[in-house]
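What follows is the content of query.csv (CSV, C-alpha atoms and all ligand atoms).
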```csv
chain,number,residue,atom,x,y,z
A,1030,GLN,CA,74.5,16.3,32.1
A,1031,VAL,CA,76.8,15.1,34.8
A,1032,ILE,CA,75.1,14.8,38.2
A,1033,ARG,CA,76.9,15.8,41.4
A,1034,CYS,CA,75.7,13.9,44.4
A,1035,ARG,CA,77.0,12.1,47.5
A,1036,ALA,CA,78.4,8.6,47.4
A,1037,ALA,CA,80.2,6.4,50.0
A,1038,VAL,CA,83.7,5.7,48.6
A,1039,ALA,CA,86.1,3.0,49.9
A,1040,TRP,CA,89.5,4.5,49.1
A,1041,ALA,CA,91.6,1.6,50.3
A,1042,VAL,CA,91.4,-1.8,52.0
A,1043,GLY,CA,90.7,-1.6,55.7
A,1044,LYS,CA,89.4,2.0,55.7
A,1045,SER,CA,85.9,2.9,56.6
A,1046,LEU,CA,83.7,4.4,53.9
A,1047,SER,CA,84.0,8.1,53.3
A,1048,VAL,CA,80.9,10.1,52.1
A,1049,GLU,CA,82.1,12.3,49.3
A,1050,GLU,CA,80.7,14.5,46.5
A,1051,VAL,CA,81.1,12.6,43.3
A,1052,GLU,CA,80.3,13.2,39.6
A,1053,VAL,CA,78.1,10.7,37.9
A,1054,ALA,CA,78.3,10.7,34.1
A,1055,PRO,CA,75.3,10.1,32.0
A,1056,PRO,CA,74.4,6.6,30.9
A,1057,LYS,CA,76.0,5.3,27.6
A,1058,ALA,CA,74.2,2.9,25.3
A,1059,HIS,CA,72.4,0.1,27.1
A,1060,GLU,CA,73.0,1.7,30.4
A,1061,VAL,CA,70.6,3.3,32.9
A,1062,ARG,CA,71.1,6.1,35.5
A,1063,VAL,CA,69.2,5.4,38.7
A,1064,LYS,CA,68.4,7.6,41.7
A,1065,ILE,CA,69.0,5.3,44.6
A,1066,VAL,CA,66.2,5.7,47.2
A,1067,ALA,CA,67.2,2.9,49.5
A,1068,THR,CA,70.1,0.5,49.9
A,1069,GLY,CA,70.7,-2.4,52.3
A,1070,ILE,CA,74.0,-3.3,53.9
A,1071,CYS,CA,75.0,-7.0,53.3
A,1072,ARG,CA,77.9,-8.8,54.9
A,1073,THR,CA,79.4,-9.1,51.4
A,1074,ASP,CA,80.0,-5.3,51.4
A,1075,ASP,CA,81.9,-5.7,54.6
A,1076,HIS,CA,84.0,-8.4,53.0
A,1077,VAL,CA,84.8,-5.9,50.2
A,1078,LEU,CA,86.0,-3.3,52.8
A,1079,GLU,CA,88.2,-5.9,54.5
A,1080,GLY,CA,89.8,-6.7,51.2
A,1081,SER,CA,88.5,-10.3,51.1
A,1082,PHE,CA,87.9,-10.0,47.3
A,1083,PRO,CA,91.3,-9.6,45.7
A,1084,ASP,CA,89.6,-8.9,42.4
A,1085,VAL,CA,87.7,-5.8,43.6
A,1086,GLU,CA,89.7,-2.7,42.7
A,1087,PHE,CA,89.9,0.4,44.9
A,1088,PRO,CA,88.8,3.2,45.1
A,1089,VAL,CA,85.4,1.7,44.8
A,1090,ILE,CA,81.8,2.6,45.6
A,1091,PRO,CA,80.3,-0.7,47.1
A,1092,GLY,CA,76.7,-1.6,47.8
A,1093,HIS,CA,74.7,-4.2,45.9
A,1094,GLU,CA,71.3,-4.3,47.5
A,1095,GLY,CA,69.3,-1.3,46.2
A,1096,ALA,CA,66.1,0.1,44.9
A,1097,GLY,CA,65.5,3.4,43.1
A,1098,ILE,CA,63.9,5.4,40.3
A,1099,VAL,CA,65.2,5.6,36.8
A,1100,GLU,CA,66.6,9.1,36.1
A,1101,SER,CA,67.7,8.7,32.5
A,1102,ILE,CA,68.4,5.9,30.0
A,1103,GLY,CA,71.1,5.4,27.3
A,1104,GLU,CA,70.5,4.5,23.7
A,1105,GLY,CA,68.9,1.2,23.1
A,1106,VAL,CA,67.4,0.7,26.5
A,1107,THR,CA,63.9,-0.7,26.2
A,1108,SER,CA,62.8,-2.3,29.4
A,1109,VAL,CA,62.6,0.8,31.6
A,1110,LYS,CA,62.0,4.6,31.2
A,1111,PRO,CA,62.6,7.6,33.4
A,1112,GLY,CA,60.3,7.6,36.5
A,1113,ASP,CA,60.1,3.8,36.7
A,1114,LYS,CA,60.7,2.2,40.1
A,1115,VAL,CA,63.4,-0.4,39.8
A,1116,ILE,CA,65.4,-2.9,41.8
A,1117,LEU,CA,69.1,-3.4,41.0
A,1118,PHE,CA,70.9,-6.7,41.5
A,1119,GLY,CA,74.5,-7.9,41.8
A,1120,LEU,CA,73.8,-11.0,39.6
A,1121,PRO,CA,72.9,-9.9,36.1
A,1122,GLN,CA,70.7,-11.6,33.6
A,1123,CYS,CA,72.0,-10.8,30.2
A,1124,GLY,CA,69.4,-13.1,28.6
A,1125,GLU,CA,71.8,-14.2,25.9
A,1126,CYS,CA,74.5,-16.5,27.4
A,1127,SER,CA,74.1,-20.2,27.5
A,1128,PHE,CA,73.3,-20.1,31.3
A,1129,CYS,CA,70.7,-17.4,30.8
A,1130,LEU,CA,69.1,-19.4,28.0
A,1131,ASN,CA,68.9,-22.5,30.3
A,1132,PRO,CA,65.7,-22.3,32.4
A,1133,ASP,CA,67.3,-24.2,35.3
A,1134,SER,CA,70.2,-21.8,35.8
A,1135,ASN,CA,70.4,-18.3,37.2
A,1136,TYR,CA,74.2,-17.9,36.7
A,1137,CYS,CA,74.9,-15.4,34.0
A,1138,VAL,CA,78.4,-15.4,32.5
A,1139,LYS,CA,78.4,-11.6,33.0
A,1140,SER,CA,78.5,-12.3,36.8
A,1141,HIS,CA,81.5,-11.1,38.7
A,1142,LEU,CA,82.8,-14.6,39.1
A,1143,SER,CA,83.3,-14.9,35.3
A,1144,GLU,CA,83.9,-11.2,34.4
A,1145,PRO,CA,85.2,-8.5,36.8
A,1146,GLN,CA,82.5,-5.8,37.3
A,1147,ASN,CA,84.7,-3.1,38.6
A,1148,LEU,CA,84.1,-1.0,35.5
A,1149,LEU,CA,81.0,-0.9,33.3
A,1150,PRO,CA,81.0,-3.4,30.3
A,1151,ASP,CA,82.8,-0.9,28.0
A,1152,LYS,CA,85.7,-0.9,30.6
A,1153,THR,CA,85.2,2.7,31.7
A,1154,SER,CA,83.7,4.2,34.9
A,1155,ARG,CA,80.9,6.7,35.2
A,1156,PHE,CA,82.1,7.9,38.7
A,1157,THR,CA,84.8,10.5,39.4
A,1158,CYS,CA,85.7,12.0,42.8
A,1159,LYS,CA,88.4,14.7,43.3
A,1160,GLY,CA,89.5,14.1,39.7
A,1161,LYS,CA,90.0,10.4,40.3
A,1162,GLN,CA,88.2,7.6,38.5
A,1163,ILE,CA,86.2,5.5,41.0
A,1164,HIS,CA,85.4,1.8,40.4
A,1165,HIS,CA,82.0,0.3,40.3
A,1166,PHE,CA,81.0,-2.8,42.3
A,1167,LEU,CA,79.0,-5.7,40.9
A,1168,TRP,CA,78.0,-3.2,38.2
A,1169,ILE,CA,75.5,-1.5,40.5
A,1170,SER,CA,77.3,0.4,43.3
A,1171,THR,CA,74.3,1.3,45.3
A,1172,PHE,CA,76.1,3.3,48.0
A,1173,ALA,CA,75.6,6.4,45.8
A,1174,GLU,CA,72.7,8.8,45.4
A,1175,TYR,CA,72.9,8.2,41.7
A,1176,THR,CA,74.5,5.2,39.9
A,1177,VAL,CA,74.8,4.0,36.3
A,1178,VAL,CA,74.3,0.3,35.6
A,1179,PRO,CA,73.9,-2.0,32.6
A,1180,GLU,CA,70.3,-2.5,31.7
A,1181,TYR,CA,70.6,-6.2,32.4
A,1182,THR,CA,71.2,-5.6,36.2
A,1183,LEU,CA,67.8,-4.0,36.9
A,1184,ALA,CA,64.1,-4.6,36.4
A,1185,LYS,CA,61.0,-2.5,36.7
A,1186,ILE,CA,58.8,-3.2,39.7
A,1187,ASP,CA,55.2,-2.2,40.7
A,1188,ALA,CA,54.9,1.6,41.3
A,1189,ALA,CA,53.1,0.8,44.5
A,1190,ALA,CA,56.1,-0.9,46.1
A,1191,PRO,CA,57.7,1.0,49.1
A,1192,LEU,CA,61.4,1.2,48.0
A,1193,ASP,CA,62.7,1.4,51.5
A,1194,LYS,CA,61.2,-2.0,52.2
A,1195,VAL,CA,61.5,-4.0,49.0
A,1196,CYS,CA,65.2,-3.0,48.6
A,1197,LEU,CA,65.9,-6.1,50.7
A,1198,LEU,CA,64.6,-8.2,47.8
A,1199,SER,CA,67.6,-7.1,45.8
A,1200,CYS,CA,69.9,-9.5,47.6
A,1201,GLY,CA,69.5,-10.6,51.2
A,1202,PHE,CA,65.9,-11.7,51.3
A,1203,SER,CA,65.8,-13.2,47.9
A,1204,THR,CA,69.0,-15.1,48.5
A,1205,GLY,CA,67.9,-16.8,51.7
A,1206,TYR,CA,64.3,-17.4,50.7
A,1207,GLY,CA,65.2,-18.7,47.3
A,1208,ALA,CA,67.9,-21.0,48.7
A,1209,ALA,CA,65.1,-22.9,50.5
A,1210,ILE,CA,62.5,-22.7,47.8
A,1211,ASN,CA,64.6,-23.0,44.6
A,1212,THR,CA,68.0,-24.4,45.4
A,1213,ALA,CA,67.1,-27.0,48.1
A,1214,GLN,CA,63.4,-27.3,47.1
A,1215,VAL,CA,62.4,-28.0,50.7
A,1216,LYS,CA,59.5,-30.5,50.9
A,1217,PRO,CA,56.5,-30.1,53.2
A,1218,GLY,CA,57.0,-32.0,56.5
A,1219,SER,CA,60.8,-32.0,56.3
A,1220,THR,CA,63.4,-31.1,58.8
A,1221,CYS,CA,65.8,-28.2,58.2
A,1222,ALA,CA,68.9,-26.6,60.0
A,1223,VAL,CA,70.0,-23.1,59.3
A,1224,PHE,CA,73.5,-22.1,60.3
A,1225,GLY,CA,73.8,-18.3,60.8
A,1226,LEU,CA,70.9,-16.0,61.6
A,1227,GLY,CA,71.9,-12.7,59.9
A,1228,GLY,CA,69.5,-11.2,57.4
A,1229,VAL,CA,70.2,-14.0,54.9
A,1230,GLY,CA,69.9,-16.8,57.4
A,1231,LEU,CA,66.6,-15.5,58.7
A,1232,SER,CA,65.3,-15.3,55.1
A,1233,VAL,CA,66.2,-19.0,54.8
A,1234,VAL,CA,64.1,-19.7,57.9
A,1235,MET,CA,61.2,-17.9,56.2
A,1236,GLY,CA,61.7,-19.9,53.0
A,1237,CYS,CA,61.8,-23.2,54.9
A,1238,LYS,CA,58.6,-22.2,56.7
A,1239,ALA,CA,56.9,-21.2,53.5
A,1240,ALA,CA,57.8,-24.5,51.9
A,1241,GLY,CA,56.1,-26.3,54.8
A,1242,ALA,CA,59.0,-27.7,56.8
A,1243,SER,CA,57.8,-29.1,60.0
A,1244,ARG,CA,61.0,-28.6,62.0
A,1245,ILE,CA,63.4,-25.7,61.5
A,1246,ILE,CA,66.4,-25.7,63.8
A,1247,ALA,CA,68.2,-22.4,63.9
A,1248,VAL,CA,71.9,-22.3,64.8
A,1249,ASP,CA,73.9,-19.2,65.9
A,1250,ILE,CA,76.5,-18.3,68.5
A,1251,ASN,CA,74.7,-15.0,69.1
A,1252,LYS,CA,71.6,-15.8,71.1
A,1253,ASP,CA,70.2,-12.3,70.6
A,1254,LYS,CA,69.2,-13.7,67.1
A,1255,PHE,CA,66.9,-16.4,68.5
A,1256,ALA,CA,63.8,-14.3,69.3
A,1257,LYS,CA,63.6,-13.1,65.7
A,1258,ALA,CA,64.3,-16.6,64.3
A,1259,LYS,CA,61.4,-18.0,66.3
A,1260,MET,CA,59.1,-15.2,65.2
A,1261,LEU,CA,59.9,-16.1,61.6
A,1262,GLY,CA,59.4,-19.8,61.9
A,1263,ALA,CA,62.3,-21.5,63.7
A,1264,THR,CA,61.0,-24.3,65.9
A,1265,GLU,CA,64.2,-24.7,67.9
A,1266,CYS,CA,67.3,-22.5,68.4
A,1267,ILE,CA,70.7,-23.8,69.5
A,1268,SER,CA,74.1,-22.3,70.1
A,1269,PRO,CA,77.1,-24.6,69.3
A,1270,ARG,CA,78.8,-23.0,72.3
A,1271,ASP,CA,76.4,-24.7,74.7
A,1272,PHE,CA,77.6,-28.2,73.8
A,1273,LYS,CA,80.8,-30.1,74.3
A,1274,GLN,CA,80.3,-32.3,71.2
A,1275,PRO,CA,80.4,-30.8,67.7
A,1276,VAL,CA,77.2,-29.2,66.5
A,1277,GLN,CA,76.7,-31.7,63.7
A,1278,GLN,CA,76.6,-34.5,66.3
A,1279,VAL,CA,74.1,-32.5,68.3
A,1280,LEU,CA,71.8,-32.1,65.3
A,1281,THR,CA,72.2,-35.7,64.3
A,1282,GLU,CA,71.1,-36.8,67.7
A,1283,MET,CA,68.2,-34.3,67.8
A,1284,THR,CA,66.9,-35.7,64.5
A,1285,GLY,CA,67.8,-39.4,64.4
A,1286,HIS,CA,70.0,-39.4,61.3
A,1287,GLY,CA,70.4,-35.7,60.5
A,1288,VAL,CA,68.2,-33.1,58.9
A,1289,ASP,CA,66.8,-33.3,55.4
A,1290,TYR,CA,68.2,-29.9,54.5
A,1291,SER,CA,71.0,-27.8,56.0
A,1292,PHE,CA,72.0,-24.3,55.0
A,1293,GLU,CA,75.3,-22.7,55.7
A,1294,VAL,CA,74.8,-18.9,55.9
A,1295,ILE,CA,78.1,-17.8,57.6
A,1296,GLY,CA,81.0,-18.5,55.4
A,1297,THR,CA,83.7,-20.3,57.4
A,1298,ALA,CA,85.3,-23.7,56.6
A,1299,ASP,CA,84.3,-25.1,60.0
A,1300,THR,CA,80.6,-24.2,59.7
A,1301,MET,CA,80.5,-25.5,56.1
A,1302,ILE,CA,81.8,-28.9,57.2
A,1303,ALA,CA,79.4,-28.9,60.2
A,1304,ALA,CA,76.4,-28.0,57.9
A,1305,LEU,CA,77.3,-30.7,55.4
A,1306,ALA,CA,77.6,-33.4,58.1
A,1307,SER,CA,74.4,-32.3,59.7
A,1308,CYS,CA,72.2,-33.4,56.9
A,1309,ASN,CA,71.4,-37.1,56.6
A,1310,MET,CA,73.9,-39.3,55.0
A,1311,ASN,CA,71.7,-40.4,52.1
A,1312,THR,CA,69.1,-38.0,51.0
A,1313,GLY,CA,70.3,-35.0,52.9
A,1314,VAL,CA,70.9,-31.8,50.9
A,1315,CYS,CA,73.3,-29.1,52.2
A,1316,VAL,CA,73.2,-25.6,50.5
A,1317,MET,CA,76.2,-23.3,50.9
A,1318,ILE,CA,75.2,-19.6,50.9
A,1319,GLY,CA,78.0,-18.0,53.1
A,1320,GLU,CA,80.9,-16.6,51.2
A,1321,PRO,CA,84.2,-18.1,52.2
A,1322,PRO,CA,87.3,-15.9,52.3
A,1323,ALA,CA,88.9,-15.8,48.8
A,1324,GLY,CA,91.4,-18.6,48.3
A,1325,SER,CA,90.2,-20.7,51.2
A,1326,THR,CA,89.8,-24.5,51.0
A,1327,VAL,CA,87.5,-26.8,52.9
A,1328,PRO,CA,88.9,-30.3,53.8
A,1329,ILE,CA,86.1,-32.8,53.8
A,1330,ASP,CA,85.9,-36.6,54.3
A,1331,PRO,CA,84.7,-37.9,50.9
A,1332,LEU,CA,82.6,-40.5,52.6
A,1333,LEU,CA,80.3,-37.7,53.6
A,1334,LEU,CA,79.2,-37.5,49.9
A,1335,LEU,CA,79.7,-41.2,48.9
A,1336,SER,CA,76.7,-42.3,51.0
A,1337,GLY,CA,74.5,-40.0,48.9
A,1338,ARG,CA,74.4,-36.6,50.4
A,1339,THR,CA,74.1,-33.6,48.0
A,1340,TRP,CA,76.3,-30.5,48.5
A,1341,LYS,CA,75.3,-27.5,46.5
A,1342,GLY,CA,75.7,-23.7,46.4
A,1343,THR,CA,73.5,-20.9,45.4
A,1344,LEU,CA,73.9,-17.4,44.1
A,1345,LEU,CA,71.0,-15.1,44.9
A,1346,GLY,CA,68.8,-18.0,45.8
A,1347,GLY,CA,68.6,-19.4,42.3
A,1348,TRP,CA,66.4,-16.6,41.0
A,1349,LYS,CA,66.8,-15.4,37.4
A,1350,MET,CA,66.6,-11.9,38.8
A,1351,ARG,CA,65.2,-9.9,35.8
A,1352,ASP,CA,62.4,-12.5,35.4
A,1353,SER,CA,61.7,-12.9,39.1
A,1354,ILE,CA,62.0,-9.6,40.9
A,1355,GLY,CA,58.7,-8.2,39.6
A,1356,LYS,CA,57.0,-11.4,40.8
A,1357,LEU,CA,58.7,-11.3,44.2
A,1358,VAL,CA,57.6,-7.7,44.7
A,1359,ALA,CA,54.1,-8.7,43.7
A,1360,SER,CA,54.2,-11.5,46.3
A,1361,TYR,CA,55.4,-8.9,48.9
A,1362,LEU,CA,52.6,-6.6,48.1
A,1363,GLU,CA,50.1,-9.5,48.4
A,1364,LYS,CA,51.7,-10.1,51.9
A,1365,LYS,CA,52.8,-13.7,51.0
A,1366,PHE,CA,55.8,-13.0,53.1
A,1367,ASN,CA,56.8,-10.2,55.5
A,1368,SER,CA,60.4,-9.3,54.8
A,1369,ASP,CA,59.8,-6.0,56.7
A,1370,LEU,CA,60.5,-8.1,59.9
A,1371,LEU,CA,64.1,-8.3,58.8
A,1372,ILE,CA,64.7,-4.6,59.0
A,1373,THR,CA,66.4,-3.7,62.2
A,1374,HIS,CA,67.5,-0.1,61.6
A,1375,THR,CA,66.8,2.7,59.0
A,1376,LEU,CA,69.5,5.3,58.8
A,1377,PRO,CA,70.1,8.4,56.7
A,1378,PHE,CA,72.8,8.0,54.0
A,1379,ALA,CA,75.4,10.1,55.9
A,1380,LYS,CA,75.3,7.5,58.7
A,1381,ILE,CA,76.3,4.6,56.5
A,1382,ASN,CA,79.4,3.8,58.7
A,1383,GLU,CA,77.1,3.5,61.7
A,1384,GLY,CA,75.2,0.8,59.7
A,1385,PHE,CA,78.5,-1.1,59.3
A,1386,GLU,CA,79.2,-0.8,63.0
A,1387,LEU,CA,75.8,-2.3,63.8
A,1388,LEU,CA,76.5,-5.1,61.4
A,1389,ARG,CA,79.9,-5.9,63.0
A,1390,ALA,CA,78.4,-5.7,66.5
A,1391,GLY,CA,75.8,-8.4,65.5
A,1392,LYS,CA,73.0,-5.9,66.1
A,1393,ARG,CA,71.3,-6.4,62.8
A,1401,LIG,P1,75.6,-11.7,59.0
A,1401,LIG,O1,77.0,-11.5,59.4
A,1401,LIG,O2,74.6,-10.7,59.3
A,1401,LIG,O3,75.1,-13.1,59.7
A,1401,LIG,C1,76.0,-14.2,60.0
A,1401,LIG,C2,75.5,-14.8,61.3
A,1401,LIG,O4,76.3,-16.0,61.6
A,1401,LIG,C3,75.6,-13.9,62.6
A,1401,LIG,O5,74.3,-13.9,63.2
A,1401,LIG,C4,76.7,-14.6,63.4
A,1401,LIG,O6,76.4,-14.5,64.8
A,1401,LIG,C5,76.6,-16.1,63.0
A,1401,LIG,N1,77.8,-16.8,63.2
A,1401,LIG,C6,79.1,-16.4,63.0
A,1401,LIG,N2,79.9,-17.5,63.3
A,1401,LIG,C7,79.2,-18.5,63.7
A,1401,LIG,C8,79.4,-19.9,64.1
A,1401,LIG,N3,80.7,-20.3,64.1
A,1401,LIG,N4,78.4,-20.7,64.3
A,1401,LIG,C9,77.1,-20.3,64.3
A,1401,LIG,N5,76.8,-19.0,63.9
A,1401,LIG,C10,77.8,-18.1,63.6
A,1401,LIG,O7,75.6,-12.1,57.5
A,1401,LIG,P2,74.5,-12.0,56.3
A,1401,LIG,O8,74.4,-10.6,55.8
A,1401,LIG,O9,73.3,-12.7,56.8
A,1401,LIG,O10,75.2,-12.9,55.2
A,1401,LIG,C11,75.6,-14.3,55.5
A,1401,LIG,C12,76.6,-14.8,54.5
A,1401,LIG,O11,75.9,-14.9,53.2
A,1401,LIG,C13,77.8,-13.9,54.2
A,1401,LIG,O12,78.9,-14.8,54.1
A,1401,LIG,C14,77.5,-13.2,52.9
A,1401,LIG,O13,78.6,-12.8,52.3
A,1401,LIG,C15,76.7,-14.4,52.2
A,1401,LIG,N6,75.9,-14.0,51.1
A,1401,LIG,C16,75.8,-14.9,50.0
A,1401,LIG,C17,75.0,-14.6,49.0
A,1401,LIG,C18,74.9,-15.6,47.8
A,1401,LIG,O14,74.3,-15.2,46.8
A,1401,LIG,N7,75.4,-16.8,48.0
A,1401,LIG,C19,74.2,-13.5,49.0
A,1401,LIG,C20,74.2,-12.6,50.1
A,1401,LIG,C21,75.1,-12.9,51.1
A,1402,ZN,ZN,73.7,-14.3,30.8
```
Structure rendered as structure tokens:
Amino acid sequence: QVIRCRAAVAWAVGKSLSVEEVEVAPPKAHEVRVKIVATGICRTDDHVLEGSFPDVEFPVIPGHEGAGIVESIGEGVTSVKPGDKVILFGLPQCGECSFCLNPDSNYCVKSHLSEPQNLLPDKTSRFTCKGKQIHHFLWISTFAEYTVVPEYTLAKIDAAAPLDKVCLLSCGFSTGYGAAINTAQVKPGSTCAVFGLGGVGLSVVMGCKAAGASRIIAVDINKDKFAKAKMLGATECISPRDFKQPVQQVLTEMTGHGVDYSFEVIGTADTMIAALASCNMNTGVCVMIGEPPAGSTVPIDPLLLLSGRTWKGTLLGGWKMRDSIGKLVASYLEKKFNSDLLITHTLPFAKINEGFELLRAGKR
């Protein structure tokens, strides 16, 4: 039972997405076919279209922030059944590798950084378009009305959850919020700086606030982002362009010796160095979230670390997604956080390129 439906295909690097009719094959063993109800657009998808990930093969159906309903299941699938509401995630949890077995890690060896996810685990694709095989992205390809994914890239959520809202928990919100709560483990009364106020950076602001930070300094060159950042918990907002001296110096002067926690949510070498130097020289913790262009290097003065600073990174905010997503959705339903405030536009699927234009224009 092949399903014919629409999907947004990226045919080649540098081209905008093209909404096409595709055929989606049924799920094989340990796979699930999902009707995607809502998907978010993350900057990472734009990086794919620009060709910043040399290991992503074209043509490809991008998208890695999505929620939907199980349509059918392959042999051996036990955790979900047709009709279940699910959230998909771009960082799997196979449950069997040494990292999955380690309670302190959320990095699964089936992640794209260890194993390319351009095809399903059996090295074949479930998508065809105009007779051509189309690649998968991060095993979930959410820019399609139906997608087929390995069972370990999704989890069932509460049937009461509004899919058009909780789809943000699939990547952007969970990444930012978890970076503060899990990766940095922000302490009450502490001082934080967040570089970059896109959907992910604003979620970091929410996480710092939830953790009880007393001062949250939001940094962006786009001042249109400041009002939302303040609404979500930022206590001060600054633009590096308003100062002659480097922003790390500004932040150090504002806080005495630098912040307790800094977060880089942009993905450039300059802002990574600035974020690292903005946290205090001894107990400061800098968390890298932004994705640098593939192959880039960041020159740093080793003395920045020798005095005691900690520099760490996070994938999806440190959550073991299959274990955590149901709980995050429950917290959303209990109104422990309001991720709805991050939603700037809701568009029909056919207008997906308009969504990318809004992203590039800094309007979301
Ligand atoms: P976004 O493009 O919406 O937001 C980036 C923000 O940074 C914008 O508001 C922009 O104005 C600001 N900015 C750009 N240059 C700046 C500068 N020099 N100084 C200060 N501010 C500057 O992006 P997003 O969707 O929020 O994603 C942020 C980053 O996080 C991306 O690199 C994305 O790939 C990455 N990401 C990582 C993970 C992970 O698991 N680690 C998950 C999701 C996204
Ligand atoms: Zn694993």
Selection within 7 Å of ligand ZN 1402 (chain A) by all atoms listed in the file, output as an MDAnalysis selection string: chainID A and resid 1121:1129 1136:1139
Q.
Which residues are near ligand LIG 1401 (chain A) - at most 8 Å, using only C-alpha atoms and all ligand atoms? Format: as a count of residues only.
A. 45
Item to check | Best match for closeness to Pro1055 of chain A among A:Val1177, A:Val1195, A:Ala1189, A:Ile1381, counting all atoms listed in the file | outcome: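 Distance minimum relative to Pro1055 of chain A lands on A:Val1177.
Considering the residues A:Asn1367, A:Ser1203, A:Ser1134, A:Ser1047 and counting all atoms listed in the file, Phe1172 of chain A has its shortest atom-to-atom contact with A:Ser1047.
By chain and then residue number, the residues within 12 Å of Val1279 of chain A are Ala1222, Ile1246, Val1248, Ile1267, Ser1268, Pro1269, Arg1270, Asp1271, Phe1272, Lys1273, Gln1274, Pro1275, Val1276, Glu1282, Met1283, Thr1284, Gly1285, His1286, Gly1287, Val1288, Ala1303, Ala1304, Ala1306, Ser1307 and Cys1308 of chain A, counting all atoms listed in the file and disregarding those fewer than 3 positions away in sequence.
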Computed interatomic separation between atom CA of Lys1161 of chain A and atom CA of Asn1147 of chain A (Å):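 Calculated distance between atom CA of Lys1161 of chain A and atom CA of Asn1147 of chain A is 14.6 Å.
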What separates atom CA of Ser1219 of chain A and atom CA of Ala1242 of chain A is a distance of 4.7 Å
Item to complete: Go through A:Lys1159, A:Lys1257, A:Lys1365, A:Lys1114 one by one, measure the shortest atom-to-atom distance of each to Ala1188 of chain A using only C-alpha atoms, and give the residue with the smallest value.
Response: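 Answer, going by the shortest atom-to-atom distance: A:Lys1114.
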